[in-house]
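Chemist: My structure is in work.pdb, and what it holds is PDB, C-alpha atoms, pLDDT in the B column:
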```pdb
ATOM      1  CA  MET A   1      23.490 -94.127  45.159  1.00 61.00           C
ATOM      2  CA  PRO A   2      20.131 -93.512  46.944  1.00 72.00           C
ATOM      3  CA  PHE A   3      21.297 -95.750  49.797  1.00 71.00           C
ATOM      4  CA  LEU A   4      24.495 -93.712  50.195  1.00 70.00           C
ATOM      5  CA  ASN A   5      22.478 -90.477  50.275  1.00 74.00           C
ATOM      6  CA  PHE A   6      20.163 -92.018  52.881  1.00 75.00           C
ATOM      7  CA  LEU A   7      23.155 -93.069  54.983  1.00 72.00           C
ATOM      8  CA  LYS A   8      24.797 -89.642  54.624  1.00 72.00           C
ATOM      9  CA  ASN A   9      21.551 -87.900  55.654  1.00 72.00           C
ATOM     10  CA  TYR A  10      21.208 -90.214  58.644  1.00 73.00           C
ATOM     11  CA  LEU A  11      24.765 -89.576  59.830  1.00 69.00           C
ATOM     12  CA  LEU A  12      24.451 -85.811  59.364  1.00 72.00           C
ATOM     13  CA  LYS A  13      21.136 -85.674  61.253  1.00 72.00           C
ATOM     14  CA  ARG A  14      22.653 -87.685  64.092  1.00 70.00           C
ATOM     15  CA  LYS A  15      25.595 -85.303  64.332  1.00 66.00           C
ATOM     16  CA  LEU A  16      23.220 -82.351  64.176  1.00 63.00           C
ATOM     17  CA  LYS A  17      21.017 -83.820  66.914  1.00 67.00           C
ATOM     18  CA  ASN A  18      24.028 -84.041  69.221  1.00 64.00           C
ATOM     19  CA  SER A  19      25.029 -80.430  68.543  1.00 62.00           C
ATOM     20  CA  LEU A  20      21.462 -79.160  69.074  1.00 56.00           C
ATOM     21  CA  ALA A  21      21.387 -80.586  72.579  1.00 54.00           C
ATOM     22  CA  ASN A  22      23.378 -77.586  73.829  1.00 55.00           C
ATOM     23  CA  VAL A  23      21.461 -74.794  72.068  1.00 53.00           C
ATOM     24  CA  ILE A  24      20.571 -71.696  74.067  1.00 54.00           C
ATOM     25  CA  ASN A  25      17.505 -69.914  72.684  1.00 57.00           C
ATOM     26  CA  ALA A  26      18.242 -66.374  73.762  1.00 57.00           C
ATOM     27  CA  PHE A  27      18.201 -63.558  71.257  1.00 58.00           C
ATOM     28  CA  PRO A  28      19.125 -59.884  71.577  1.00 65.00           C
ATOM     29  CA  ASP A  29      16.564 -57.077  71.486  1.00 68.00           C
ATOM     30  CA  GLN A  30      18.126 -55.276  68.543  1.00 78.00           C
ATOM     31  CA  LYS A  31      16.171 -54.184  65.473  1.00 85.00           C
ATOM     32  CA  ILE A  32      16.325 -56.211  62.268  1.00 90.00           C
ATOM     33  CA  ARG A  33      18.399 -54.703  59.472  1.00 91.00           C
ATOM     34  CA  THR A  34      19.894 -57.700  57.661  1.00 94.00           C
ATOM     35  CA  ILE A  35      17.987 -60.777  56.560  1.00 94.00           C
ATOM     36  CA  GLY A  36      19.208 -64.155  55.374  1.00 95.00           C
ATOM     37  CA  ILE A  37      16.883 -66.510  53.538  1.00 94.00           C
ATOM     38  CA  LEU A  38      17.540 -70.240  53.259  1.00 94.00           C
ATOM     39  CA  ILE A  39      15.214 -71.770  50.659  1.00 93.00           C
ATOM     40  CA  ASP A  40      14.551 -75.361  49.608  1.00 91.00           C
ATOM     41  CA  GLU A  41      13.904 -74.916  45.898  1.00 88.00           C
ATOM     42  CA  SER A  42      12.709 -78.514  45.597  1.00 82.00           C
ATOM     43  CA  TYR A  43       9.303 -77.428  46.935  1.00 80.00           C
ATOM     44  CA  PHE A  44       9.277 -73.634  46.627  1.00 84.00           C
ATOM     45  CA  SER A  45      10.366 -71.826  43.476  1.00 82.00           C
ATOM     46  CA  ASP A  46       9.039 -68.253  43.922  1.00 85.00           C
ATOM     47  CA  ARG A  47      12.045 -66.881  45.786  1.00 86.00           C
ATOM     48  CA  ASP A  48      11.789 -63.550  43.912  1.00 89.00           C
ATOM     49  CA  GLY A  49       8.242 -63.075  45.206  1.00 90.00           C
ATOM     50  CA  LEU A  50       9.395 -63.699  48.764  1.00 90.00           C
ATOM     51  CA  VAL A  51      12.226 -61.178  48.386  1.00 91.00           C
ATOM     52  CA  GLN A  52       9.784 -58.624  46.947  1.00 93.00           C
ATOM     53  CA  GLU A  53       7.552 -59.061  50.013  1.00 91.00           C
ATOM     54  CA  LEU A  54      10.537 -58.214  52.222  1.00 90.00           C
ATOM     55  CA  VAL A  55      11.438 -55.203  50.074  1.00 92.00           C
ATOM     56  CA  GLN A  56       7.839 -53.959  50.290  1.00 92.00           C
ATOM     57  CA  GLN A  57       8.154 -54.084  54.081  1.00 89.00           C
ATOM     58  CA  GLY A  58      11.013 -51.573  53.880  1.00 87.00           C
ATOM     59  CA  PHE A  59      14.134 -53.736  53.749  1.00 90.00           C
ATOM     60  CA  SER A  60      16.835 -52.957  51.218  1.00 90.00           C
ATOM     61  CA  GLN A  61      17.602 -55.649  48.640  1.00 91.00           C
ATOM     62  CA  GLU A  62      21.314 -55.231  49.471  1.00 93.00           C
ATOM     63  CA  ASN A  63      20.614 -56.289  53.070  1.00 93.00           C
ATOM     64  CA  ILE A  64      18.952 -59.545  52.027  1.00 94.00           C
ATOM     65  CA  GLY A  65      21.151 -62.615  51.517  1.00 94.00           C
ATOM     66  CA  ILE A  66      19.800 -65.729  49.829  1.00 93.00           C
ATOM     67  CA  LEU A  67      21.024 -69.318  49.765  1.00 93.00           C
ATOM     68  CA  VAL A  68      19.127 -71.927  47.747  1.00 93.00           C
ATOM     69  CA  TYR A  69      19.152 -75.691  48.265  1.00 91.00           C
ATOM     70  CA  LYS A  70      18.466 -78.040  45.344  1.00 89.00           C
ATOM     71  CA  ASP A  71      18.230 -81.822  45.415  1.00 83.00           C
ATOM     72  CA  LYS A  72      20.021 -82.247  42.124  1.00 80.00           C
ATOM     73  CA  VAL A  73      22.378 -79.721  40.590  1.00 76.00           C
ATOM     74  CA  LYS A  74      23.384 -80.253  36.976  1.00 76.00           C
ATOM     75  CA  LYS A  75      27.028 -79.645  36.075  1.00 77.00           C
ATOM     76  CA  ASN A  76      26.546 -76.746  33.640  1.00 76.00           C
ATOM     77  CA  GLU A  77      23.502 -75.201  35.312  1.00 75.00           C
ATOM     78  CA  ILE A  78      23.764 -71.453  35.996  1.00 77.00           C
ATOM     79  CA  PHE A  79      21.955 -69.846  38.945  1.00 80.00           C
ATOM     80  CA  ASP A  80      20.939 -66.322  39.919  1.00 81.00           C
ATOM     81  CA  TYR A  81      21.546 -67.032  43.620  1.00 85.00           C
ATOM     82  CA  PRO A  82      24.142 -69.072  45.500  1.00 89.00           C
ATOM     83  CA  THR A  83      23.019 -72.704  45.364  1.00 89.00           C
ATOM     84  CA  PHE A  84      24.124 -75.878  47.115  1.00 90.00           C
ATOM     85  CA  SER A  85      23.130 -79.503  47.436  1.00 87.00           C
ATOM     86  CA  LEU A  86      23.888 -82.496  49.630  1.00 86.00           C
ATOM     87  CA  LYS A  87      27.040 -83.074  47.563  1.00 87.00           C
ATOM     88  CA  ASP A  88      28.505 -79.864  48.993  1.00 85.00           C
ATOM     89  CA  VAL A  89      28.451 -81.295  52.527  1.00 84.00           C
ATOM     90  CA  ASN A  90      30.906 -84.053  53.352  1.00 84.00           C
ATOM     91  CA  TRP A  91      30.220 -87.119  55.488  1.00 78.00           C
ATOM     92  CA  ILE A  92      31.340 -85.484  58.729  1.00 77.00           C
ATOM     93  CA  GLY A  93      29.255 -82.330  58.229  1.00 78.00           C
ATOM     94  CA  ASP A  94      31.824 -79.908  56.862  1.00 82.00           C
ATOM     95  CA  ILE A  95      30.606 -77.555  54.139  1.00 84.00           C
ATOM     96  CA  GLU A  96      32.804 -77.635  51.070  1.00 84.00           C
ATOM     97  CA  LYS A  97      31.371 -74.775  48.986  1.00 88.00           C
ATOM     98  CA  ALA A  98      32.587 -71.181  49.355  1.00 90.00           C
ATOM     99  CA  GLU A  99      29.157 -69.566  48.813  1.00 91.00           C
ATOM    100  CA  VAL A 100      27.653 -71.626  51.641  1.00 90.00           C
ATOM    101  CA  THR A 101      30.557 -70.872  53.971  1.00 92.00           C
ATOM    102  CA  THR A 102      30.168 -67.148  53.235  1.00 92.00           C
ATOM    103  CA  PHE A 103      26.434 -67.313  53.963  1.00 93.00           C
ATOM    104  CA  VAL A 104      26.976 -69.203  57.215  1.00 92.00           C
ATOM    105  CA  THR A 105      29.572 -66.737  58.515  1.00 92.00           C
ATOM    106  CA  GLN A 106      27.473 -63.618  57.846  1.00 92.00           C
ATOM    107  CA  ASN A 107      25.893 -62.038  60.912  1.00 91.00           C
ATOM    108  CA  PHE A 108      22.214 -61.778  60.010  1.00 93.00           C
ATOM    109  CA  ASP A 109      19.711 -60.132  62.308  1.00 92.00           C
ATOM    110  CA  LEU A 110      17.004 -62.457  60.949  1.00 93.00           C
ATOM    111  CA  LEU A 111      17.294 -65.835  59.235  1.00 94.00           C
ATOM    112  CA  ILE A 112      14.226 -67.109  57.407  1.00 95.00           C
ATOM    113  CA  ASN A 113      14.392 -70.888  57.100  1.00 94.00           C
ATOM    114  CA  TYR A 114      11.962 -71.232  54.219  1.00 93.00           C
ATOM    115  CA  TYR A 115      11.598 -74.981  54.023  1.00 92.00           C
ATOM    116  CA  ASN A 116       9.132 -77.338  55.626  1.00 89.00           C
ATOM    117  CA  ILE A 117      10.763 -80.731  55.038  1.00 88.00           C
ATOM    118  CA  GLU A 118      13.746 -81.723  57.139  1.00 87.00           C
ATOM    119  CA  ARG A 119      16.839 -82.262  55.038  1.00 88.00           C
ATOM    120  CA  ALA A 120      20.169 -82.781  56.717  1.00 87.00           C
ATOM    121  CA  ALA A 121      22.026 -80.217  54.606  1.00 88.00           C
ATOM    122  CA  LEU A 122      19.427 -77.506  55.259  1.00 90.00           C
ATOM    123  CA  LEU A 123      19.311 -78.227  58.979  1.00 90.00           C
ATOM    124  CA  LEU A 124      23.091 -78.111  59.169  1.00 90.00           C
ATOM    125  CA  VAL A 125      23.312 -74.729  57.416  1.00 91.00           C
ATOM    126  CA  SER A 126      20.437 -73.345  59.533  1.00 91.00           C
ATOM    127  CA  GLN A 127      22.089 -74.461  62.727  1.00 89.00           C
ATOM    128  CA  ARG A 128      25.500 -73.040  61.797  1.00 89.00           C
ATOM    129  CA  THR A 129      24.280 -69.691  60.497  1.00 90.00           C
ATOM    130  CA  LYS A 130      25.176 -66.773  62.737  1.00 86.00           C
ATOM    131  CA  ALA A 131      21.748 -65.199  63.000  1.00 89.00           C
ATOM    132  CA  ASN A 132      20.298 -63.459  66.040  1.00 88.00           C
ATOM    133  CA  PHE A 133      16.714 -64.517  65.329  1.00 90.00           C
ATOM    134  CA  LYS A 134      15.607 -67.518  63.262  1.00 92.00           C
ATOM    135  CA  VAL A 135      12.128 -68.022  61.827  1.00 93.00           C
ATOM    136  CA  GLY A 136      10.726 -71.061  60.060  1.00 93.00           C
ATOM    137  CA  PHE A 137       7.952 -73.622  59.871  1.00 93.00           C
ATOM    138  CA  PRO A 138       6.746 -75.824  62.762  1.00 92.00           C
ATOM    139  CA  THR A 139       7.415 -79.035  60.811  1.00 89.00           C
ATOM    140  CA  ILE A 140      11.157 -78.517  61.353  1.00 88.00           C
ATOM    141  CA  ASP A 141      13.043 -79.411  64.544  1.00 83.00           C
ATOM    142  CA  LYS A 142      11.916 -76.906  67.182  1.00 84.00           C
ATOM    143  CA  ARG A 143      15.482 -76.259  68.326  1.00 83.00           C
ATOM    144  CA  ILE A 144      16.496 -74.740  64.968  1.00 87.00           C
ATOM    145  CA  ASN A 145      14.122 -71.739  65.003  1.00 88.00           C
ATOM    146  CA  HIS A 146      13.259 -69.177  67.655  1.00 88.00           C
ATOM    147  CA  PHE A 147       9.855 -68.545  66.109  1.00 89.00           C
ATOM    148  CA  MET A 148       7.626 -70.703  63.902  1.00 92.00           C
ATOM    149  CA  ILE A 149       4.806 -69.684  61.572  1.00 92.00           C
ATOM    150  CA  ASN A 150       2.173 -72.299  60.831  1.00 91.00           C
ATOM    151  CA  THR A 151       1.293 -71.889  57.136  1.00 89.00           C
ATOM    152  CA  ASP A 152       1.960 -73.587  53.807  1.00 87.00           C
ATOM    153  CA  ALA A 153       5.341 -72.952  52.202  1.00 84.00           C
ATOM    154  CA  GLU A 154       3.667 -72.271  48.853  1.00 85.00           C
ATOM    155  CA  ASN A 155       1.816 -69.266  50.315  1.00 87.00           C
ATOM    156  CA  TYR A 156       4.694 -66.887  50.961  1.00 89.00           C
ATOM    157  CA  LYS A 157       2.413 -63.827  51.231  1.00 91.00           C
ATOM    158  CA  VAL A 158       0.644 -65.233  54.297  1.00 92.00           C
ATOM    159  CA  PHE A 159       4.022 -66.208  55.764  1.00 91.00           C
ATOM    160  CA  SER A 160       5.359 -62.686  55.187  1.00 91.00           C
ATOM    161  CA  ASP A 161       2.251 -61.003  56.636  1.00 91.00           C
ATOM    162  CA  GLU A 162       2.361 -63.160  59.775  1.00 92.00           C
ATOM    163  CA  LEU A 163       6.116 -62.698  60.130  1.00 91.00           C
ATOM    164  CA  PHE A 164       5.924 -58.919  60.068  1.00 91.00           C
ATOM    165  CA  ARG A 165       2.867 -58.831  62.290  1.00 91.00           C
ATOM    166  CA  TYR A 166       4.774 -60.721  65.003  1.00 88.00           C
ATOM    167  CA  LEU A 167       8.040 -58.862  64.433  1.00 89.00           C
ATOM    168  CA  LYS A 168       6.161 -55.637  65.184  1.00 89.00           C
ATOM    169  CA  ILE A 169       4.705 -57.167  68.342  1.00 86.00           C
ATOM    170  CA  LEU A 170       8.171 -58.324  69.422  1.00 81.00           C
ATOM    171  CA  ASN A 171       9.506 -54.819  68.666  1.00 80.00           C
ATOM    172  CA  LYS A 172      12.048 -56.167  66.158  1.00 77.00           C
ATOM    173  CA  ILE A 173      11.162 -53.730  63.343  1.00 77.00           C
TER     174      ILE A 173
END
```
Go through the file and emit its structure as structure tokens.
Modeler:
Amino acid sequence: MPFLNFLKNYLLKRKLKNSLANVINAFPDQKIRTIGILIDESYFSDRDGLVQELVQQGFSQENIGILVYKDKVKKNEIFDYPTFSLKDVNWIGDIEKAEVTTFVTQNFDLLINYYNIERAALLLVSQRTKANFKVGFPTIDKRINHFMINTDAENYKVFSDELFRYLKILNKI
């Protein structure tokens, strides 16, 4: 099974690499009202703290969408937020879970890619999300995000402070 997951990740990353070759990194000058957050819960579990940081900056909780990635999802496990795993992406890169499809088709003004390890499923969702401005970590493929913040993923307060400092400079908020 680990070999099949390795092969699936390899094939998905290859397909993603080909689709990223044609990316245009232009973003509109509009203000940010809606935020999407894509989190890898394998390495970061304080998603509520991150959301609270955004709420403290003046964003409404209703305008914040969250999608969580987990390595292993147990059959009877219940989640507070929409969750997906590599099993929800087929071998050719199509997403087979309704919550993920809904997240991807939403028009976010800002997408926060809150993961610092490249996983094919996360990269695929990040690339397909209809967001005007994407922010993440520099350890991820540079073509995914418009802006990168160099900090540890565990320290979401520093990430949030830096994000809003630069969003003010860019006149996005």
Chemist: To one decimal place in Å, what is the distance between CA of Lys130 (chain A) and CA of Gly58 (chain A)?
Modeler: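 CA of Gly58 (chain A) lies 22.6 Å from CA of Lys130 (chain A).
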Chemist: Here is a test: counting all atoms listed in the file, which residue of A:Gln61, A:Asn9, A:Ala153, A:Val55 is nearest to Ser85 (chain A)?
Modeler: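 Looking at the shortest contact to Ser85 (chain A), the residue is A:Asn9.
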Chemist: So which one's closest to Leu12 (chain A), A:Arg119, A:Lys142, A:Lys70, A:Lys134? Using only C-alpha atoms, please.
Modeler: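 When distances to Leu12 (chain A) are compared using only C-alpha atoms, the smallest one comes from A:Arg119.
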Chemist: Expressed in Å to a single decimal, how great is the separation between CA of Asp40 (chain A) and CA of Tyr114 (chain A)?
Modeler: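 Separation between CA of Asp40 (chain A) and CA of Tyr114 (chain A): 6.7 Å.
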Chemist: So how far away is CA of Tyr156 (chain A) from CA of Gly49 (chain A), in Å?
Modeler: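 The value is 7.8 Å.
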Chemist: Name the residues that the PyMOL selection byres ((chain A and resi 138) around 8) picks from the file above, as a VMD selection string, using the file's chain letters and numbers.
Modeler: chain A and resid 116 136 to 137 139 to 142 148 to 150
Chemist: Include C-alpha atoms and write out the residues we just selected as a PDB file, keeping the file's coordinate frame.
Modeler:
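New file result.pdb:
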```pdb
ATOM      1  CA  ASN A 116       9.132 -77.338  55.626  1.00 89.00           C
ATOM      2  CA  GLY A 136      10.726 -71.061  60.060  1.00 93.00           C
ATOM      3  CA  PHE A 137       7.952 -73.622  59.871  1.00 93.00           C
ATOM      4  CA  THR A 139       7.415 -79.035  60.811  1.00 89.00           C
ATOM      5  CA  ILE A 140      11.157 -78.517  61.353  1.00 88.00           C
ATOM      6  CA  ASP A 141      13.043 -79.411  64.544  1.00 83.00           C
ATOM      7  CA  LYS A 142      11.916 -76.906  67.182  1.00 84.00           C
ATOM      8  CA  MET A 148       7.626 -70.703  63.902  1.00 92.00           C
ATOM      9  CA  ILE A 149       4.806 -69.684  61.572  1.00 92.00           C
ATOM     10  CA  ASN A 150       2.173 -72.299  60.831  1.00 91.00           C
TER      11      ASN A 150
END
```
Chemist: Check the smallest atom-to-atom distance from each of A:Trp91, A:Phe44, A:Phe103, A:Phe108 to Val125 (chain A) using all atoms listed in the file, then report the winner.
Modeler: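 Nearest candidate to Val125 (chain A) out of A:Trp91, A:Phe44, A:Phe103, A:Phe108: A:Phe103.
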Chemist: Which residues match the PyMOL selection byres ((chain A and resi 99) around 12) in the file above, as an MDAnalysis selection string?
Modeler: chainID A and resid 65:69 81:85 88 95:98 100:106 125
Chemist: Restricting the calculation to only C-alpha atoms: of A:Tyr43, A:Phe147, A:Tyr10, A:Phe164, which residue gets closest to Tyr115 (chain A)?
Modeler: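 That would be A:Tyr43, the residue with the smallest distance to Tyr115 (chain A).
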Chemist: Could you state which residues are captured by the PyMOL selection byres ((chain A and resi 36) around 7) in this file, as a list in words?
Modeler: Thr34, Ile35, Ile37, Leu38, Ile64, Gly65, Ile66, Phe108, Leu110, Leu111 and Ile112 of chain A
Chemist: Measuring atom to atom with all atoms listed in the file, identify which of A:Ile32, A:Ser160, A:Lys72, A:Ala131 is nearest to Gln52 (chain A).
Modeler: A:Ser160
